[in-house]
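Asker: The following block contains the structure, expressed as structure tokens.
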Amino acid sequence: QVQLVESGGGSLQTGGSLRLSCAASGDSYRRACMAWFRQAPGNEREALARIAPDGSTAYADSVKGRLTISQDNANNTLYLQMNNLTPEDNAEYYCAAAYGYICYSVSWSSQASYRYWGQGTQVTVSS
């Protein structure tokens, strides 16, 4: 089992950058497939990126080149670096964890694949 707490959201202007953090607790964190999702009002929850226990990463096509997922295993923290933000990035951002081979299948981008979720952190970008 793992508990997740996001932080780092906030308000900023178009073109700015932000780094989100997700603090994880629980001994099994390092075996988890970790991912970032976001959800804008009225929209489905959207997968952004994932990182596997072996450190390999994958990204949604829509965010490739602008977002970077990383993790600090020593501090049990997941990160999402976001650059060149626009109002289209306005959303609640969530980290999630799953176990098994989710990371190595197309299912990594499905919210149904993840059992553990943080409470979310809001990102607001103004033009």
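Chains: A, B, ... in order of the structure tokens. Residues: from 1 per chain. Ligands: from 1, in order shown.
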Report as JSON, numbers by chain all protein, DNA and RNA residues lying within 7 Å of Leu48 (chain A), evaluated on only C-alpha atoms, omitting residues in the same chain fewer than 5 positions from it.

Answerer: {"A": [36, 37, 59, 60, 63]}

Asker: May I have the residues within 8 Å of region 21-30 of chain A as a list in words, using only C-alpha atoms and disregarding those fewer than 4 positions away in the same chain?

Answerer: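 My reading of the contact set: Gln1, Val2, Gln3, Leu4, Val5, Glu6, Ser7, Gly8, Pro53, Asn73, Asn76, Thr77, Leu78, Tyr79, Leu80, Cys95 and Gly118 of chain A.
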
Asker: Can you spit out the residues from that selection as an mmCIF file, in the first residue's frame, using N, CA, C and O atoms?

Answerer:
data_model
loop_
_atom_site.group_PDB
_atom_site.id
_atom_site.type_symbol
_atom_site.label_atom_id
_atom_site.label_comp_id
_atom_site.auth_asym_id
_atom_site.auth_seq_id
_atom_site.Cartn_x
_atom_site.Cartn_y
_atom_site.Cartn_z
ATOM 1 N N GLN A 1 0.853 -1.192 0.000
ATOM 2 C CA GLN A 1 0.000 0.000 0.000
ATOM 3 C C GLN A 1 0.884 1.235 0.000
ATOM 4 O O GLN A 1 1.995 1.221 0.522
ATOM 5 N N VAL A 2 0.392 2.318 -0.607
ATOM 6 C CA VAL A 2 1.154 3.553 -0.666
ATOM 7 C C VAL A 2 0.206 4.729 -0.509
ATOM 8 O O VAL A 2 -0.925 4.693 -0.984
ATOM 9 N N GLN A 3 0.663 5.745 0.192
ATOM 10 C CA GLN A 3 -0.097 6.981 0.345
ATOM 11 C C GLN A 3 0.605 8.086 -0.430
ATOM 12 O O GLN A 3 1.835 8.167 -0.411
ATOM 13 N N LEU A 4 -0.165 8.936 -1.073
ATOM 14 C CA LEU A 4 0.384 9.944 -1.977
ATOM 15 C C LEU A 4 -0.137 11.334 -1.622
ATOM 16 O O LEU A 4 -1.345 11.500 -1.407
ATOM 17 N N VAL A 5 0.775 12.314 -1.608
ATOM 18 C CA VAL A 5 0.384 13.695 -1.321
ATOM 19 C C VAL A 5 1.082 14.615 -2.323
ATOM 20 O O VAL A 5 2.313 14.724 -2.326
ATOM 21 N N GLU A 6 0.285 15.285 -3.163
ATOM 22 C CA GLU A 6 0.841 16.206 -4.154
ATOM 23 C C GLU A 6 1.036 17.604 -3.550
ATOM 24 O O GLU A 6 0.332 17.997 -2.615
ATOM 25 N N SER A 7 1.957 18.334 -4.148
ATOM 26 C CA SER A 7 2.166 19.732 -3.801
ATOM 27 C C SER A 7 2.827 20.423 -4.982
ATOM 28 O O SER A 7 3.250 19.759 -5.939
ATOM 29 N N GLY A 8 2.907 21.751 -4.903
ATOM 30 C CA GLY A 8 3.609 22.502 -5.926
ATOM 31 C C GLY A 8 2.738 23.210 -6.930
ATOM 32 O O GLY A 8 3.242 23.958 -7.773
ATOM 33 N N PRO A 53 9.461 1.236 -12.210
ATOM 34 C CA PRO A 53 10.487 0.984 -11.183
ATOM 35 C C PRO A 53 11.906 0.960 -11.743
ATOM 36 O O PRO A 53 12.856 1.274 -11.015
ATOM 37 N N ASN A 73 14.181 8.344 -5.374
ATOM 38 C CA ASN A 73 13.860 7.186 -4.543
ATOM 39 C C ASN A 73 14.374 7.336 -3.116
ATOM 40 O O ASN A 73 13.803 6.777 -2.186
ATOM 41 N N ASN A 76 11.579 9.189 -1.631
ATOM 42 C CA ASN A 76 10.233 8.716 -1.978
ATOM 43 C C ASN A 76 9.365 9.827 -2.566
ATOM 44 O O ASN A 76 8.220 10.039 -2.148
ATOM 45 N N THR A 77 9.921 10.536 -3.523
ATOM 46 C CA THR A 77 9.196 11.657 -4.113
ATOM 47 C C THR A 77 9.188 11.554 -5.631
ATOM 48 O O THR A 77 10.216 11.279 -6.252
ATOM 49 N N LEU A 78 8.021 11.783 -6.177
ATOM 50 C CA LEU A 78 7.812 11.826 -7.628
ATOM 51 C C LEU A 78 7.676 13.278 -8.037
ATOM 52 O O LEU A 78 7.089 14.080 -7.302
ATOM 53 N N TYR A 79 8.203 13.610 -9.222
ATOM 54 C CA TYR A 79 8.146 14.987 -9.702
ATOM 55 C C TYR A 79 7.538 15.049 -11.103
ATOM 56 O O TYR A 79 7.604 14.093 -11.868
ATOM 57 N N LEU A 80 6.989 16.224 -11.399
ATOM 58 C CA LEU A 80 6.577 16.530 -12.766
ATOM 59 C C LEU A 80 7.013 17.956 -13.060
ATOM 60 O O LEU A 80 6.462 18.900 -12.511
ATOM 61 N N CYS A 95 -1.133 12.534 -8.806
ATOM 62 C CA CYS A 95 -0.202 11.422 -8.980
ATOM 63 C C CYS A 95 -0.933 10.140 -8.589
ATOM 64 O O CYS A 95 -1.895 10.159 -7.812
ATOM 65 N N GLY A 118 -3.389 10.509 -5.124
ATOM 66 C CA GLY A 118 -3.278 11.637 -4.231
ATOM 67 C C GLY A 118 -4.535 12.480 -4.298
ATOM 68 O O GLY A 118 -5.467 12.194 -5.056
#

Asker: Write down as a PyMOL selection string the residues of region 2-122 of chain A whose backbone DSSP state falls under helix (DSSP H, G or I).

Answerer: chain A and resi 27-31+61-63+73-75+87-89+102-104+106-109+111-113

Asker: Can you list every residue in chain A that DSSP puts in strand (DSSP E), as a short mmCIF file (atom, residue, chain, number, x, y, z; two decimals) with C-alpha atoms, in the first residue's frame?

Answerer:
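Resulting contents of result-v9.cif:
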data_model
loop_
_atom_site.label_atom_id
_atom_site.label_comp_id
_atom_site.auth_asym_id
_atom_site.auth_seq_id
_atom_site.Cartn_x
_atom_site.Cartn_y
_atom_site.Cartn_z
CA GLN A 3 -0.10 6.98 0.35
CA LEU A 4 0.38 9.94 -1.98
CA VAL A 5 0.38 13.69 -1.32
CA GLU A 6 0.84 16.21 -4.15
CA SER A 7 2.17 19.73 -3.80
CA GLY A 10 -0.25 27.37 -8.09
CA SER A 11 -1.06 30.28 -10.36
CA LEU A 12 1.27 31.59 -13.01
CA GLN A 13 1.31 33.28 -16.39
CA LEU A 18 6.22 24.71 -12.50
CA ARG A 19 7.45 21.59 -10.73
CA LEU A 20 4.90 19.40 -9.01
CA SER A 21 5.88 16.99 -6.26
CA CYS A 22 4.24 13.85 -4.99
CA ALA A 23 5.42 12.57 -1.63
CA ALA A 24 4.88 8.85 -1.23
CA SER A 25 4.83 6.80 1.94
CA CYS A 33 4.39 2.23 -11.49
CA MET A 34 3.97 5.95 -10.84
CA ALA A 35 2.05 8.32 -13.06
CA TRP A 36 0.75 11.85 -13.35
CA PHE A 37 -2.75 12.64 -14.53
CA ARG A 38 -4.72 15.84 -14.82
CA GLN A 39 -8.37 16.72 -14.99
CA GLU A 46 -6.01 12.52 -18.73
CA ALA A 47 -2.75 10.59 -18.40
CA LEU A 48 0.38 12.69 -18.81
CA ALA A 49 3.41 10.56 -17.99
CA ARG A 50 4.55 7.50 -16.13
CA ILE A 51 7.78 6.19 -14.65
CA THR A 57 9.46 6.80 -18.74
CA ALA A 58 6.59 7.29 -21.15
CA TYR A 59 4.58 10.35 -22.07
CA LEU A 67 6.76 17.77 -19.33
CA THR A 68 9.35 15.63 -17.58
CA ILE A 69 8.59 12.98 -14.99
CA SER A 70 11.27 11.95 -12.52
CA GLN A 71 11.64 10.44 -9.11
CA ASP A 72 13.92 10.63 -6.09
CA THR A 77 9.20 11.66 -4.11
CA LEU A 78 7.81 11.83 -7.63
CA TYR A 79 8.15 14.99 -9.70
CA LEU A 80 6.58 16.53 -12.77
CA GLN A 81 8.48 19.39 -14.35
CA MET A 82 6.20 21.44 -16.60
CA ALA A 91 -6.38 21.51 -14.32
CA GLU A 92 -6.16 19.56 -11.13
CA TYR A 93 -3.04 17.40 -11.25
CA TYR A 94 -2.88 14.00 -9.60
CA CYS A 95 -0.20 11.42 -8.98
CA ALA A 96 -1.13 7.76 -8.95
CA ALA A 97 0.45 4.40 -8.20
CA ALA A 98 -0.15 0.92 -9.50
CA TYR A 116 -3.76 4.68 -5.30
CA TRP A 117 -4.29 8.41 -5.83
CA THR A 121 -2.97 20.00 -6.71
CA GLN A 122 -4.42 22.84 -8.78
CA VAL A 123 -2.52 24.54 -11.59
CA THR A 124 -3.90 27.77 -13.02
CA VAL A 125 -2.25 29.50 -15.96
CA SER A 126 -3.41 32.93 -17.03
#

Asker: Mind pulling up the distance from CA of Ile102 (chain A) to CA of Pro41 (chain A)?

Answerer: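 That distance, rounded to one decimal, is 26.8 Å.
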
Asker: Kindly indicate which residue among A:Thr14, A:Thr86, A:Tyr101, A:Asn75 lies nearest to Asp54 (chain A), using only C-alpha atoms for the distances.

Answerer: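 Selected residue with least distance to Asp54 (chain A): A:Tyr101.
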
Asker: Would you mind telling me which residue in A:Asn83, A:Ser110, A:Gln119, A:Ser127 lies nearest to Glu44 (chain A) when using only C-alpha atoms?

Answerer: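 Smallest separation from Glu44 (chain A) among the options: A:Ser110.
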